[in-house]
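This is target32.cif (mmCIF, C-alpha atoms and all ligand atoms; chains and numbers go by the auth columns).
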```
data_input
#
loop_
_atom_site.group_PDB
_atom_site.id
_atom_site.type_symbol
_atom_site.label_atom_id
_atom_site.label_comp_id
_atom_site.label_asym_id
_atom_site.label_seq_id
_atom_site.Cartn_x
_atom_site.Cartn_y
_atom_site.Cartn_z
_atom_site.B_iso_or_equiv
_atom_site.auth_seq_id
_atom_site.auth_asym_id
ATOM 1 C CA MET A 1 -13.251 -39.467 38.050 0.00 1 A
ATOM 2 C CA ARG A 2 -13.256 -42.956 36.567 0.00 2 A
ATOM 3 C CA PRO A 3 -12.601 -45.942 38.828 0.00 3 A
ATOM 4 C CA LEU A 4 -9.260 -47.613 38.225 0.00 4 A
ATOM 5 C CA VAL A 5 -7.893 -51.131 38.575 0.00 5 A
ATOM 6 C CA ASP A 6 -5.069 -51.342 41.089 0.00 6 A
ATOM 7 C CA ARG A 7 -3.054 -53.952 42.930 0.00 7 A
ATOM 8 C CA TYR A 8 -4.389 -55.205 46.266 0.00 8 A
ATOM 9 C CA ARG A 9 -2.848 -53.754 49.413 0.00 9 A
ATOM 10 C CA PRO A 10 -3.264 -55.257 52.908 0.00 10 A
ATOM 11 C CA ALA A 11 -5.052 -52.054 54.021 0.00 11 A
ATOM 12 C CA ASP A 12 -7.889 -53.007 51.587 0.00 12 A
ATOM 13 C CA ARG A 13 -8.679 -56.214 53.433 0.00 13 A
ATOM 14 C CA GLY A 14 -11.576 -54.984 55.607 0.00 14 A
ATOM 15 C CA ALA A 15 -13.268 -53.146 52.732 0.00 15 A
ATOM 16 C CA LEU A 16 -12.978 -56.220 50.497 0.00 16 A
ATOM 17 C CA TYR A 17 -14.476 -58.480 53.182 0.00 17 A
ATOM 18 C CA ASP A 18 -17.367 -56.010 53.325 0.00 18 A
ATOM 19 C CA ILE A 19 -17.824 -56.108 49.522 0.00 19 A
ATOM 20 C CA CYS A 20 -17.744 -59.914 49.631 0.00 20 A
ATOM 21 C CA LEU A 21 -20.633 -59.903 52.126 0.00 21 A
ATOM 22 C CA ARG A 22 -22.604 -57.122 50.446 0.00 22 A
ATOM 23 C CA THR A 23 -22.544 -58.895 47.081 0.00 23 A
ATOM 24 C CA GLY A 24 -22.591 -62.496 48.291 0.00 24 A
ATOM 25 C CA ASP A 25 -26.226 -63.425 47.707 0.00 25 A
ATOM 26 C CA LEU A 26 -26.233 -63.767 43.905 0.00 26 A
ATOM 27 C CA GLY A 27 -24.906 -60.203 43.724 0.00 27 A
ATOM 28 C CA ALA A 28 -27.260 -58.881 46.428 0.00 28 A
ATOM 29 C CA ASP A 29 -26.482 -58.192 50.097 0.00 29 A
ATOM 30 C CA ALA A 30 -25.850 -61.451 51.952 0.00 30 A
ATOM 31 C CA GLY A 31 -25.561 -59.656 55.297 0.00 31 A
ATOM 32 C CA PRO A 32 -29.082 -60.573 56.464 0.00 32 A
ATOM 33 C CA LEU A 33 -28.375 -64.274 55.781 0.00 33 A
ATOM 34 C CA HIS A 34 -25.361 -64.497 58.077 0.00 34 A
ATOM 35 C CA THR A 35 -24.904 -64.215 61.817 0.00 35 A
ATOM 36 C CA ASP A 36 -21.108 -64.130 61.468 0.00 36 A
ATOM 37 C CA PRO A 37 -20.310 -61.367 58.915 0.00 37 A
ATOM 38 C CA GLY A 38 -16.742 -62.597 58.329 0.00 38 A
ATOM 39 C CA LEU A 39 -17.468 -66.195 57.356 0.00 39 A
ATOM 40 C CA LEU A 40 -18.224 -65.579 53.679 0.00 40 A
ATOM 41 C CA GLY A 41 -14.948 -63.693 53.278 0.00 41 A
ATOM 42 C CA ASP A 42 -13.054 -66.348 55.207 0.00 42 A
ATOM 43 C CA VAL A 43 -14.139 -68.916 52.608 0.00 43 A
ATOM 44 C CA TYR A 44 -14.225 -66.989 49.307 0.00 44 A
ATOM 45 C CA LEU A 45 -11.797 -64.082 49.777 0.00 45 A
ATOM 46 C CA GLY A 46 -9.354 -64.287 52.702 0.00 46 A
ATOM 47 C CA PRO A 47 -7.287 -67.254 51.533 0.00 47 A
ATOM 48 C CA TYR A 48 -6.625 -65.571 48.176 0.00 48 A
ATOM 49 C CA LEU A 49 -5.536 -62.300 49.819 0.00 49 A
ATOM 50 C CA GLU A 50 -3.285 -64.202 52.191 0.00 50 A
ATOM 51 C CA LEU A 51 -1.837 -66.858 49.884 0.00 51 A
ATOM 52 C CA GLU A 52 -2.019 -65.199 46.410 0.00 52 A
ATOM 53 C CA PRO A 53 -1.836 -61.418 47.029 0.00 53 A
ATOM 54 C CA GLY A 54 -0.099 -60.847 43.692 0.00 54 A
ATOM 55 C CA LEU A 55 -3.208 -62.099 41.869 0.00 55 A
ATOM 56 C CA ALA A 56 -5.626 -59.882 43.793 0.00 56 A
ATOM 57 C CA PHE A 57 -6.765 -56.687 42.060 0.00 57 A
ATOM 58 C CA VAL A 58 -8.986 -53.919 43.375 0.00 58 A
ATOM 59 C CA LEU A 59 -11.300 -51.522 41.560 0.00 59 A
ATOM 60 C CA ARG A 60 -10.800 -48.171 43.300 0.00 60 A
ATOM 61 C CA ASP A 61 -12.928 -45.085 43.321 0.00 61 A
ATOM 62 C CA GLY A 62 -10.965 -42.734 41.053 0.00 62 A
ATOM 63 C CA ASP A 63 -9.235 -40.812 43.820 0.00 63 A
ATOM 64 C CA GLY A 64 -5.735 -42.053 43.162 0.00 64 A
ATOM 65 C CA ASP A 65 -4.046 -44.328 45.643 0.00 65 A
ATOM 66 C CA ASP A 66 -6.506 -43.660 48.449 0.00 66 A
ATOM 67 C CA GLY A 67 -9.646 -44.444 46.467 0.00 67 A
ATOM 68 C CA ALA A 68 -12.086 -46.668 48.322 0.00 68 A
ATOM 69 C CA PRO A 69 -12.474 -50.195 46.934 0.00 69 A
ATOM 70 C CA LEU A 70 -15.577 -50.692 44.765 0.00 70 A
ATOM 71 C CA GLY A 71 -14.846 -54.266 43.743 0.00 71 A
ATOM 72 C CA TYR A 72 -12.180 -56.912 43.395 0.00 72 A
ATOM 73 C CA VAL A 73 -11.024 -59.990 41.573 0.00 73 A
ATOM 74 C CA VAL A 74 -8.994 -62.687 43.320 0.00 74 A
ATOM 75 C CA GLY A 75 -7.648 -65.974 42.057 0.00 75 A
ATOM 76 C CA THR A 76 -4.950 -68.563 41.946 0.00 76 A
ATOM 77 C CA ALA A 77 -2.811 -69.863 39.095 0.00 77 A
ATOM 78 C CA ASP A 78 -2.788 -73.432 40.386 0.00 78 A
ATOM 79 C CA THR A 79 -5.947 -74.641 42.110 0.00 79 A
ATOM 80 C CA THR A 80 -4.447 -77.875 43.446 0.00 80 A
ATOM 81 C CA ALA A 81 -1.393 -76.168 44.969 0.00 81 A
ATOM 82 C CA PHE A 82 -3.651 -73.458 46.404 0.00 82 A
ATOM 83 C CA GLU A 83 -5.957 -76.011 48.008 0.00 83 A
ATOM 84 C CA ASP A 84 -2.893 -77.759 49.484 0.00 84 A
ATOM 85 C CA ALA A 85 -1.686 -74.431 50.909 0.00 85 A
ATOM 86 C CA CYS A 86 -5.158 -73.728 52.373 0.00 86 A
ATOM 87 C CA GLU A 87 -5.053 -77.122 54.052 0.00 87 A
ATOM 88 C CA ARG A 88 -1.667 -76.286 55.604 0.00 88 A
ATOM 89 C CA HIS A 89 -2.040 -72.599 56.441 0.00 89 A
ATOM 90 C CA TRP A 90 -5.562 -71.193 56.047 0.00 90 A
ATOM 91 C CA TRP A 91 -8.161 -73.652 57.357 0.00 91 A
ATOM 92 C CA PRO A 92 -6.455 -74.964 60.547 0.00 92 A
ATOM 93 C CA PRO A 93 -6.717 -71.737 62.627 0.00 93 A
ATOM 94 C CA LEU A 94 -10.317 -71.218 61.451 0.00 94 A
ATOM 95 C CA ARG A 95 -11.200 -74.780 62.436 0.00 95 A
ATOM 96 C CA GLY A 96 -10.128 -74.072 65.997 0.00 96 A
ATOM 97 C CA ARG A 97 -12.789 -71.392 66.515 0.00 97 A
ATOM 98 C CA GLU A 98 -15.899 -72.025 68.506 0.00 98 A
ATOM 99 C CA ARG A 99 -19.077 -71.529 66.476 0.00 99 A
ATOM 100 C CA ALA A 100 -22.726 -72.451 66.791 0.00 100 A
ATOM 101 C CA PRO A 101 -24.280 -71.728 63.385 0.00 101 A
ATOM 102 C CA ARG A 102 -28.064 -71.835 63.087 0.00 102 A
ATOM 103 C CA PRO A 103 -29.005 -75.297 61.733 0.00 103 A
ATOM 104 C CA GLY A 104 -29.933 -75.048 58.072 0.00 104 A
ATOM 105 C CA GLY A 105 -28.743 -71.428 57.887 0.00 105 A
ATOM 106 C CA ALA A 106 -26.204 -69.903 55.486 0.00 106 A
ATOM 107 C CA ASP A 107 -23.452 -69.902 58.136 0.00 107 A
ATOM 108 C CA GLU A 108 -23.768 -73.646 58.610 0.00 108 A
ATOM 109 C CA ARG A 109 -22.849 -74.326 54.968 0.00 109 A
ATOM 110 C CA LEU A 110 -19.740 -72.128 55.286 0.00 110 A
ATOM 111 C CA VAL A 111 -18.673 -73.745 58.559 0.00 111 A
ATOM 112 C CA ARG A 112 -18.938 -77.118 56.821 0.00 112 A
ATOM 113 C CA ILE A 113 -16.647 -75.874 54.029 0.00 113 A
ATOM 114 C CA ILE A 114 -14.134 -74.652 56.633 0.00 114 A
ATOM 115 C CA GLU A 115 -14.257 -77.990 58.466 0.00 115 A
ATOM 116 C CA ASP A 116 -14.061 -80.157 55.327 0.00 116 A
ATOM 117 C CA GLY A 117 -11.734 -77.965 53.248 0.00 117 A
ATOM 118 C CA VAL A 118 -12.031 -77.717 49.477 0.00 118 A
ATOM 119 C CA ARG A 119 -10.728 -80.203 46.914 0.00 119 A
ATOM 120 C CA THR A 120 -11.252 -79.756 43.199 0.00 120 A
ATOM 121 C CA GLU A 121 -10.542 -83.022 41.463 0.00 121 A
ATOM 122 C CA ALA A 122 -11.380 -82.904 37.812 0.00 122 A
ATOM 123 C CA ARG A 123 -9.629 -84.025 34.680 0.00 123 A
ATOM 124 C CA TRP A 124 -10.032 -80.559 33.149 0.00 124 A
ATOM 125 C CA LEU A 125 -7.797 -79.007 35.850 0.00 125 A
ATOM 126 C CA ALA A 126 -4.828 -79.804 33.595 0.00 126 A
ATOM 127 C CA ARG A 127 -6.248 -77.467 30.938 0.00 127 A
ATOM 128 C CA PHE A 128 -7.812 -74.921 33.309 0.00 128 A
ATOM 129 C CA PRO A 129 -5.703 -74.978 36.512 0.00 129 A
ATOM 130 C CA ALA A 130 -6.421 -71.381 37.575 0.00 130 A
ATOM 131 C CA HIS A 131 -9.662 -70.173 39.165 0.00 131 A
ATOM 132 C CA LEU A 132 -11.085 -66.828 40.271 0.00 132 A
ATOM 133 C CA HIS A 133 -13.800 -64.884 42.122 0.00 133 A
ATOM 134 C CA ILE A 134 -15.003 -61.416 41.090 0.00 134 A
ATOM 135 C CA ASN A 135 -17.382 -59.079 42.956 0.00 135 A
ATOM 136 C CA LEU A 136 -18.370 -55.458 42.368 0.00 136 A
ATOM 137 C CA LEU A 137 -20.645 -53.279 44.459 0.00 137 A
ATOM 138 C CA PRO A 138 -23.958 -52.601 42.651 0.00 138 A
ATOM 139 C CA ALA A 139 -23.076 -48.947 41.907 0.00 139 A
ATOM 140 C CA ALA A 140 -19.897 -50.025 40.084 0.00 140 A
ATOM 141 C CA ARG A 141 -21.596 -52.528 37.746 0.00 141 A
ATOM 142 C CA GLY A 142 -22.506 -52.152 34.107 0.00 142 A
ATOM 143 C CA GLY A 143 -19.713 -49.737 33.174 0.00 143 A
ATOM 144 C CA GLY A 144 -17.076 -52.139 31.882 0.00 144 A
ATOM 145 C CA HIS A 145 -15.229 -52.346 35.216 0.00 145 A
ATOM 146 C CA GLY A 146 -15.883 -56.057 35.703 0.00 146 A
ATOM 147 C CA ARG A 147 -14.335 -56.686 32.292 0.00 147 A
ATOM 148 C CA ALA A 148 -11.363 -54.444 33.184 0.00 148 A
ATOM 149 C CA LEU A 149 -10.722 -56.289 36.464 0.00 149 A
ATOM 150 C CA LEU A 150 -11.035 -59.679 34.816 0.00 150 A
ATOM 151 C CA THR A 151 -8.737 -58.656 31.957 0.00 151 A
ATOM 152 C CA ARG A 152 -6.068 -57.599 34.469 0.00 152 A
ATOM 153 C CA LEU A 153 -6.140 -60.988 36.170 0.00 153 A
ATOM 154 C CA VAL A 154 -6.278 -63.169 33.044 0.00 154 A
ATOM 155 C CA THR A 155 -3.467 -61.137 31.435 0.00 155 A
ATOM 156 C CA GLU A 156 -1.338 -61.750 34.526 0.00 156 A
ATOM 157 C CA LEU A 157 -2.178 -65.476 34.435 0.00 157 A
ATOM 158 C CA ALA A 158 -1.314 -65.689 30.731 0.00 158 A
ATOM 159 C CA GLN A 159 2.037 -63.992 31.398 0.00 159 A
ATOM 160 C CA GLN A 160 2.712 -66.738 33.940 0.00 160 A
ATOM 161 C CA GLU A 161 2.013 -69.256 31.112 0.00 161 A
ATOM 162 C CA VAL A 162 -1.091 -70.638 32.786 0.00 162 A
ATOM 163 C CA PRO A 163 -3.041 -72.494 30.068 0.00 163 A
ATOM 164 C CA GLY A 164 -6.551 -71.718 31.281 0.00 164 A
ATOM 165 C CA VAL A 165 -8.859 -70.537 34.055 0.00 165 A
ATOM 166 C CA HIS A 166 -12.144 -71.885 35.419 0.00 166 A
ATOM 167 C CA LEU A 167 -14.787 -70.679 37.852 0.00 167 A
ATOM 168 C CA GLU A 168 -17.991 -71.944 39.391 0.00 168 A
ATOM 169 C CA VAL A 169 -21.114 -69.808 39.272 0.00 169 A
ATOM 170 C CA ASP A 170 -24.520 -70.352 40.847 0.00 170 A
ATOM 171 C CA ALA A 171 -26.896 -71.425 38.077 0.00 171 A
ATOM 172 C CA ALA A 172 -29.408 -68.810 39.308 0.00 172 A
ATOM 173 C CA ASN A 173 -26.868 -65.989 38.828 0.00 173 A
ATOM 174 C CA THR A 174 -27.885 -65.438 35.208 0.00 174 A
ATOM 175 C CA GLY A 175 -26.297 -61.974 35.040 0.00 175 A
ATOM 176 C CA ALA A 176 -22.901 -63.348 36.038 0.00 176 A
ATOM 177 C CA VAL A 177 -23.238 -66.247 33.565 0.00 177 A
ATOM 178 C CA ALA A 178 -23.978 -63.697 30.802 0.00 178 A
ATOM 179 C CA PHE A 179 -20.956 -61.619 31.903 0.00 179 A
ATOM 180 C CA TYR A 180 -18.642 -64.635 31.770 0.00 180 A
ATOM 181 C CA ARG A 181 -19.916 -65.625 28.316 0.00 181 A
ATOM 182 C CA ARG A 182 -19.220 -62.089 27.073 0.00 182 A
ATOM 183 C CA THR A 183 -15.696 -62.245 28.507 0.00 183 A
ATOM 184 C CA GLY A 184 -14.653 -65.488 26.814 0.00 184 A
ATOM 185 C CA PHE A 185 -15.834 -68.223 29.185 0.00 185 A
ATOM 186 C CA ALA A 186 -17.814 -71.259 28.025 0.00 186 A
ATOM 187 C CA PRO A 187 -19.702 -73.867 30.084 0.00 187 A
ATOM 188 C CA LEU A 188 -17.534 -76.835 31.032 0.00 188 A
ATOM 189 C CA GLU A 189 -19.518 -78.852 33.553 0.00 189 A
ATOM 190 C CA GLU A 190 -22.991 -78.671 35.076 0.00 190 A
ATOM 191 C CA ARG A 191 -23.195 -79.428 38.797 0.00 191 A
ATOM 192 C CA PRO A 192 -26.289 -79.514 40.993 0.00 192 A
ATOM 193 C CA GLY A 193 -27.292 -75.829 41.192 0.00 193 A
ATOM 194 C CA SER A 194 -24.113 -74.497 39.628 0.00 194 A
ATOM 195 C CA LEU A 195 -22.169 -74.243 36.430 0.00 195 A
ATOM 196 C CA VAL A 196 -18.415 -74.557 35.911 0.00 196 A
ATOM 197 C CA MET A 197 -17.186 -72.280 33.130 0.00 197 A
ATOM 198 C CA ALA A 198 -13.710 -72.034 31.635 0.00 198 A
ATOM 199 C CA ARG A 199 -11.554 -69.881 29.407 0.00 199 A
ATOM 200 C CA PRO A 200 -8.345 -70.915 27.642 0.00 200 A
ATOM 201 C CA LEU A 201 -5.610 -68.270 27.882 0.00 201 A
ATOM 202 C CA GLU A 202 -3.472 -69.108 24.827 0.00 202 A
ATOM 203 C CA ASP A 203 -4.887 -66.126 22.906 0.00 203 A
ATOM 204 C CA LEU A 204 -3.438 -63.735 25.512 0.00 204 A
ATOM 205 C CA ARG A 205 0.152 -64.918 25.383 0.00 205 A
HETATM 206 C C1 LIG B . -20.775 -60.088 37.284 0.00 301 A
HETATM 207 C C2 LIG B . -20.041 -58.765 37.432 0.00 301 A
HETATM 208 C C3 LIG B . -18.611 -59.011 37.914 0.00 301 A
HETATM 209 C C4 LIG B . -19.986 -58.076 36.060 0.00 301 A
HETATM 210 O O1 LIG B . -19.283 -56.850 36.169 0.00 301 A
HETATM 211 P P1 LIG B . -19.809 -55.555 35.369 0.00 301 A
HETATM 212 O O2 LIG B . -18.864 -54.443 35.600 0.00 301 A
HETATM 213 O O3 LIG B . -21.227 -55.318 35.730 0.00 301 A
HETATM 214 O O4 LIG B . -19.719 -56.054 33.867 0.00 301 A
HETATM 215 P P2 LIG B . -19.189 -55.176 32.604 0.00 301 A
HETATM 216 O O5 LIG B . -19.898 -53.869 32.624 0.00 301 A
HETATM 217 O O6 LIG B . -17.705 -55.159 32.587 0.00 301 A
HETATM 218 O O7 LIG B . -19.752 -56.059 31.410 0.00 301 A
HETATM 219 C C5 LIG B . -18.928 -56.836 30.517 0.00 301 A
HETATM 220 C C6 LIG B . -19.826 -57.512 29.512 0.00 301 A
HETATM 221 O O8 LIG B . -20.714 -58.426 30.205 0.00 301 A
HETATM 222 C C7 LIG B . -22.067 -58.089 29.937 0.00 301 A
HETATM 223 N N1 LIG B . -22.820 -58.207 31.183 0.00 301 A
HETATM 224 C C8 LIG B . -22.437 -57.808 32.408 0.00 301 A
HETATM 225 N N2 LIG B . -23.417 -58.016 33.302 0.00 301 A
HETATM 226 C C9 LIG B . -24.443 -58.539 32.595 0.00 301 A
HETATM 227 C C10 LIG B . -25.763 -58.953 32.960 0.00 301 A
HETATM 228 N N3 LIG B . -26.196 -58.843 34.213 0.00 301 A
HETATM 229 N N4 LIG B . -26.571 -59.436 31.983 0.00 301 A
HETATM 230 C C11 LIG B . -26.141 -59.535 30.697 0.00 301 A
HETATM 231 N N5 LIG B . -24.887 -59.158 30.293 0.00 301 A
HETATM 232 C C12 LIG B . -24.071 -58.661 31.238 0.00 301 A
HETATM 233 C C13 LIG B . -22.047 -56.631 29.512 0.00 301 A
HETATM 234 O O9 LIG B . -23.164 -56.314 28.687 0.00 301 A
HETATM 235 C C14 LIG B . -20.733 -56.506 28.785 0.00 301 A
HETATM 236 O O10 LIG B . -20.852 -56.981 27.465 0.00 301 A
HETATM 237 P P3 LIG B . -20.047 -56.247 26.261 0.00 301 A
HETATM 238 O O11 LIG B . -18.758 -55.706 26.850 0.00 301 A
HETATM 239 O O12 LIG B . -19.814 -57.339 25.299 0.00 301 A
HETATM 240 O O13 LIG B . -20.941 -55.176 25.794 0.00 301 A
HETATM 241 C C15 LIG B . -20.778 -57.814 38.402 0.00 301 A
HETATM 242 O O14 LIG B . -22.060 -57.571 37.917 0.00 301 A
HETATM 243 C C16 LIG B . -20.875 -58.342 39.819 0.00 301 A
HETATM 244 O O15 LIG B . -19.981 -58.152 40.629 0.00 301 A
HETATM 245 N N6 LIG B . -22.000 -58.997 40.153 0.00 301 A
HETATM 246 C C17 LIG B . -22.277 -59.418 41.541 0.00 301 A
HETATM 247 C C18 LIG B . -21.312 -60.438 42.078 0.00 301 A
HETATM 248 C C19 LIG B . -21.319 -61.702 41.257 0.00 301 A
HETATM 249 O O16 LIG B . -22.352 -62.223 40.888 0.00 301 A
HETATM 250 N N7 LIG B . -20.095 -62.186 40.983 0.00 301 A
HETATM 251 C C20 LIG B . -19.916 -63.419 40.257 0.00 301 A
HETATM 252 C C21 LIG B . -20.028 -64.568 41.180 0.00 301 A
HETATM 253 S S1 LIG B . -19.597 -66.087 40.336 0.00 301 A
#
```
Go ahead and express the file in the form of structure tokens.
Ligand SMILES: CC(C)(COP(=O)(O)OP(=O)(O)OC[C@H]1O[C@@H](n2cnc3c(N)ncnc32)[C@H](O)[C@@H]1OP(=O)(O)O)[C@@H](O)C(=O)NCCC(=O)NCCS
Amino acid sequence: MRPLVDRYRPADRGALYDICLRTGDLGADAGPLHTDPGLLGDVYLGPYLELEPGLAFVLRDGDGDDGAPLGYVVGTADTTAFEDACERHWWPPLRGRERAPRPGGADERLVRIIEDGVRTEARWLARFPAHLHINLLPAARGGGHGRALLTRLVTELAQQEVPGVHLEVDAANTGAVAFYRRTGFAPLEERPGSLVMARPLEDLR
């Protein structure tokens, strides 16, 4: 049976956290890099599931409603409002937790993000206010499912009259950069070690 794109349900949360970790090292398993297996999801997945569940979509194994998640796309229509909401609701309880990440390790970078929060301040946010994250398990890649997930999200954003969407990708993740180019994104800004890409959504309205 073919995998299908479905809406996110709260019961998917644990499986999606697992996918986030298993694909978090430039598409490879980031599990060995982290002592705390939930931190990556707490930064790059959890706030979207909690604060923007209507923009979270799941690729399910083709077994109807009960199909296991094989991948997901999450996002927000308004990055600034989302970052404000994270500052009010998402980061504070995480900041209260006791942690002792290994100095220089992957967890330390994530703990710093949790402590500092995230602020995107760029003039192009007016044109590309939405942003997203997409991750598929290796076995689900290369069959058009990434495109299908992305199309579901950008169609939803366009229906909400969002003018454009951006994302940040590690410059070393050449496969993902190629995927985004093939799905309508173009480079917008080069940052140290990463690339911001963007896609206008007018053509989808
Ligand atoms: C990037 C990712 C979402 C792509 O999903 P996918 O299902 O493999 O991609 P699709 O099969 O839908 O491909 C869509 C198009 O992108 C191209 N593409 C996808 N992966 C590619 C790659 N590694 N190299 C070159 N082109 C690629 C396909 O050839 C296809 O082009 P076409 O439709 O014009 O023929 C998926 O590989 C993934 O989850 N990777 C690991 C996690 C990750 O890196 N996420 C992005 C973090 S910013």
Using all atoms listed in the file, what does the table of chain A residues within 9 Å of ligand LIG 301 (chain A) look like, with each row giving the shortest atom pair and its distance in Å to one decimal, sorted by chain and ascending number, as CSV?
```
residue,atom,partner,partner_atom,distance
A:Cys20,CA,A:LIG301,C18,8.4
A:Thr23,CA,A:LIG301,C18,5.4
A:Gly24,CA,A:LIG301,C18,6.7
A:Asp25,CA,A:LIG301,O16,7.9
A:Leu26,CA,A:LIG301,O16,5.2
A:Gly27,CA,A:LIG301,C17,3.5
A:Ala28,CA,A:LIG301,C17,7.0
A:Gly71,CA,A:LIG301,O15,7.2
A:Tyr72,CA,A:LIG301,O15,8.4
A:Val73,CA,A:LIG301,C3,8.5
A:Leu132,CA,A:LIG301,S1,8.5
A:His133,CA,A:LIG301,S1,6.2
A:Ile134,CA,A:LIG301,N7,5.2
A:Asn135,CA,A:LIG301,O15,3.6
A:Leu136,CA,A:LIG301,O15,3.6
A:Leu137,CA,A:LIG301,O15,6.2
A:Pro138,CA,A:LIG301,C16,7.1
A:Ala140,CA,A:LIG301,O2,6.4
A:Arg141,CA,A:LIG301,O3,3.5
A:Gly142,CA,A:LIG301,O5,3.5
A:Gly143,CA,A:LIG301,O5,4.2
A:Gly144,CA,A:LIG301,O6,3.2
A:His145,CA,A:LIG301,O2,4.2
A:Gly146,CA,A:LIG301,O2,3.4
A:Arg147,CA,A:LIG301,O6,3.7
A:Ala148,CA,A:LIG301,O6,6.4
A:Leu149,CA,A:LIG301,O6,8.1
A:Leu150,CA,A:LIG301,C3,8.2
A:Leu167,CA,A:LIG301,S1,7.1
A:Glu168,CA,A:LIG301,S1,6.1
A:Val169,CA,A:LIG301,S1,4.2
A:Asp170,CA,A:LIG301,S1,6.5
A:Asn173,CA,A:LIG301,O16,6.2
A:Thr174,CA,A:LIG301,N3,6.9
A:Gly175,CA,A:LIG301,N3,3.2
A:Ala176,CA,A:LIG301,C1,4.1
A:Val177,CA,A:LIG301,C1,7.6
A:Ala178,CA,A:LIG301,N5,4.7
A:Phe179,CA,A:LIG301,O8,3.6
A:Tyr180,CA,A:LIG301,O8,6.7
A:Arg181,CA,A:LIG301,O8,7.5
A:Arg182,CA,A:LIG301,O8,5.0
A:Thr183,CA,A:LIG301,C6,6.4
```
Resulting file, chosen residues, C-alpha atoms, as an mmCIF file, in the coordinates of the input:
```cif
data_model
loop_
_atom_site.group_PDB
_atom_site.id
_atom_site.type_symbol
_atom_site.label_atom_id
_atom_site.label_comp_id
_atom_site.auth_asym_id
_atom_site.auth_seq_id
_atom_site.Cartn_x
_atom_site.Cartn_y
_atom_site.Cartn_z
ATOM 1 C CA CYS A 20 -17.744 -59.914 49.631
ATOM 2 C CA THR A 23 -22.544 -58.895 47.081
ATOM 3 C CA GLY A 24 -22.591 -62.496 48.291
ATOM 4 C CA ASP A 25 -26.226 -63.425 47.707
ATOM 5 C CA LEU A 26 -26.233 -63.767 43.905
ATOM 6 C CA GLY A 27 -24.906 -60.203 43.724
ATOM 7 C CA ALA A 28 -27.260 -58.881 46.428
ATOM 8 C CA GLY A 71 -14.846 -54.266 43.743
ATOM 9 C CA TYR A 72 -12.180 -56.912 43.395
ATOM 10 C CA VAL A 73 -11.024 -59.990 41.573
ATOM 11 C CA LEU A 132 -11.085 -66.828 40.271
ATOM 12 C CA HIS A 133 -13.800 -64.884 42.122
ATOM 13 C CA ILE A 134 -15.003 -61.416 41.090
ATOM 14 C CA ASN A 135 -17.382 -59.079 42.956
ATOM 15 C CA LEU A 136 -18.370 -55.458 42.368
ATOM 16 C CA LEU A 137 -20.645 -53.279 44.459
ATOM 17 C CA PRO A 138 -23.958 -52.601 42.651
ATOM 18 C CA ALA A 140 -19.897 -50.025 40.084
ATOM 19 C CA ARG A 141 -21.596 -52.528 37.746
ATOM 20 C CA GLY A 142 -22.506 -52.152 34.107
ATOM 21 C CA GLY A 143 -19.713 -49.737 33.174
ATOM 22 C CA GLY A 144 -17.076 -52.139 31.882
ATOM 23 C CA HIS A 145 -15.229 -52.346 35.216
ATOM 24 C CA GLY A 146 -15.883 -56.057 35.703
ATOM 25 C CA ARG A 147 -14.335 -56.686 32.292
ATOM 26 C CA ALA A 148 -11.363 -54.444 33.184
ATOM 27 C CA LEU A 149 -10.722 -56.289 36.464
ATOM 28 C CA LEU A 150 -11.035 -59.679 34.816
ATOM 29 C CA LEU A 167 -14.787 -70.679 37.852
ATOM 30 C CA GLU A 168 -17.991 -71.944 39.391
ATOM 31 C CA VAL A 169 -21.114 -69.808 39.272
ATOM 32 C CA ASP A 170 -24.520 -70.352 40.847
ATOM 33 C CA ASN A 173 -26.868 -65.989 38.828
ATOM 34 C CA THR A 174 -27.885 -65.438 35.208
ATOM 35 C CA GLY A 175 -26.297 -61.974 35.040
ATOM 36 C CA ALA A 176 -22.901 -63.348 36.038
ATOM 37 C CA VAL A 177 -23.238 -66.247 33.565
ATOM 38 C CA ALA A 178 -23.978 -63.697 30.802
ATOM 39 C CA PHE A 179 -20.956 -61.619 31.903
ATOM 40 C CA TYR A 180 -18.642 -64.635 31.770
ATOM 41 C CA ARG A 181 -19.916 -65.625 28.316
ATOM 42 C CA ARG A 182 -19.220 -62.089 27.073
ATOM 43 C CA THR A 183 -15.696 -62.245 28.507
#
```
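What the PyMOL selection byres (((chain A and resi 203) around 12) and not hetatm) matches in the given file is Val154, Thr155, Leu157, Ala158, Gln159, Glu161, Val162, Pro163, Gly164, Gly184, Arg199, Pro200, Leu201, Glu202, Leu204 and Arg205 of chain A.
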Put the listed atoms of segment 94-113 of chain A in a box along x, y and z with 8 Å added on every side and give me the centre and edge lengths in Å to one decimal, as lines of an AutoDock Vina configuration file.
```
center_x = -20.0
center_y = -73.5
center_z = 61.3
size_x = 35.8
size_y = 23.2
size_z = 30.5
```
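Applied to this file, the PyMOL selection byres (((chain A and resi 10-16) around 9) and not hetatm) selects the residues Tyr8, Arg9, Tyr17, Asp18, Ile19, Cys20, Leu21, Gly41, Leu45, Gly46, Leu49, Glu50, Pro53, Val58, Ala68, Pro69, Leu70, Gly71 and Tyr72 of chain A.
Counting only C-alpha atoms, Gly96 of chain A has the following residues at most 12 Å away, ignoring those fewer than 4 positions along the same chain: Trp90, Trp91, Pro92, Val111, Ile114 and Glu115 of chain A.
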(message) Could you check which residues have any atom within 10 Å of (-31.0, -63.9, 57.5), counting all atoms listed in the file with coordinates taken straight from the file, and then list them as a ChimeraX atom specification?
(response) /A:30-35,105-107
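Neighbourhood of point (-12.9, -78.9, 53.3): residues with an atom at most 12 Å away, counting only C-alpha atoms, are Val43, Glu83, Asp84, Cys86, Glu87, Arg88, Trp90, Trp91, Pro92, Leu94, Arg95, Arg109, Leu110, Val111, Arg112, Ile113, Ile114, Glu115, Asp116, Gly117, Val118, Arg119 and Thr120 of chain A.
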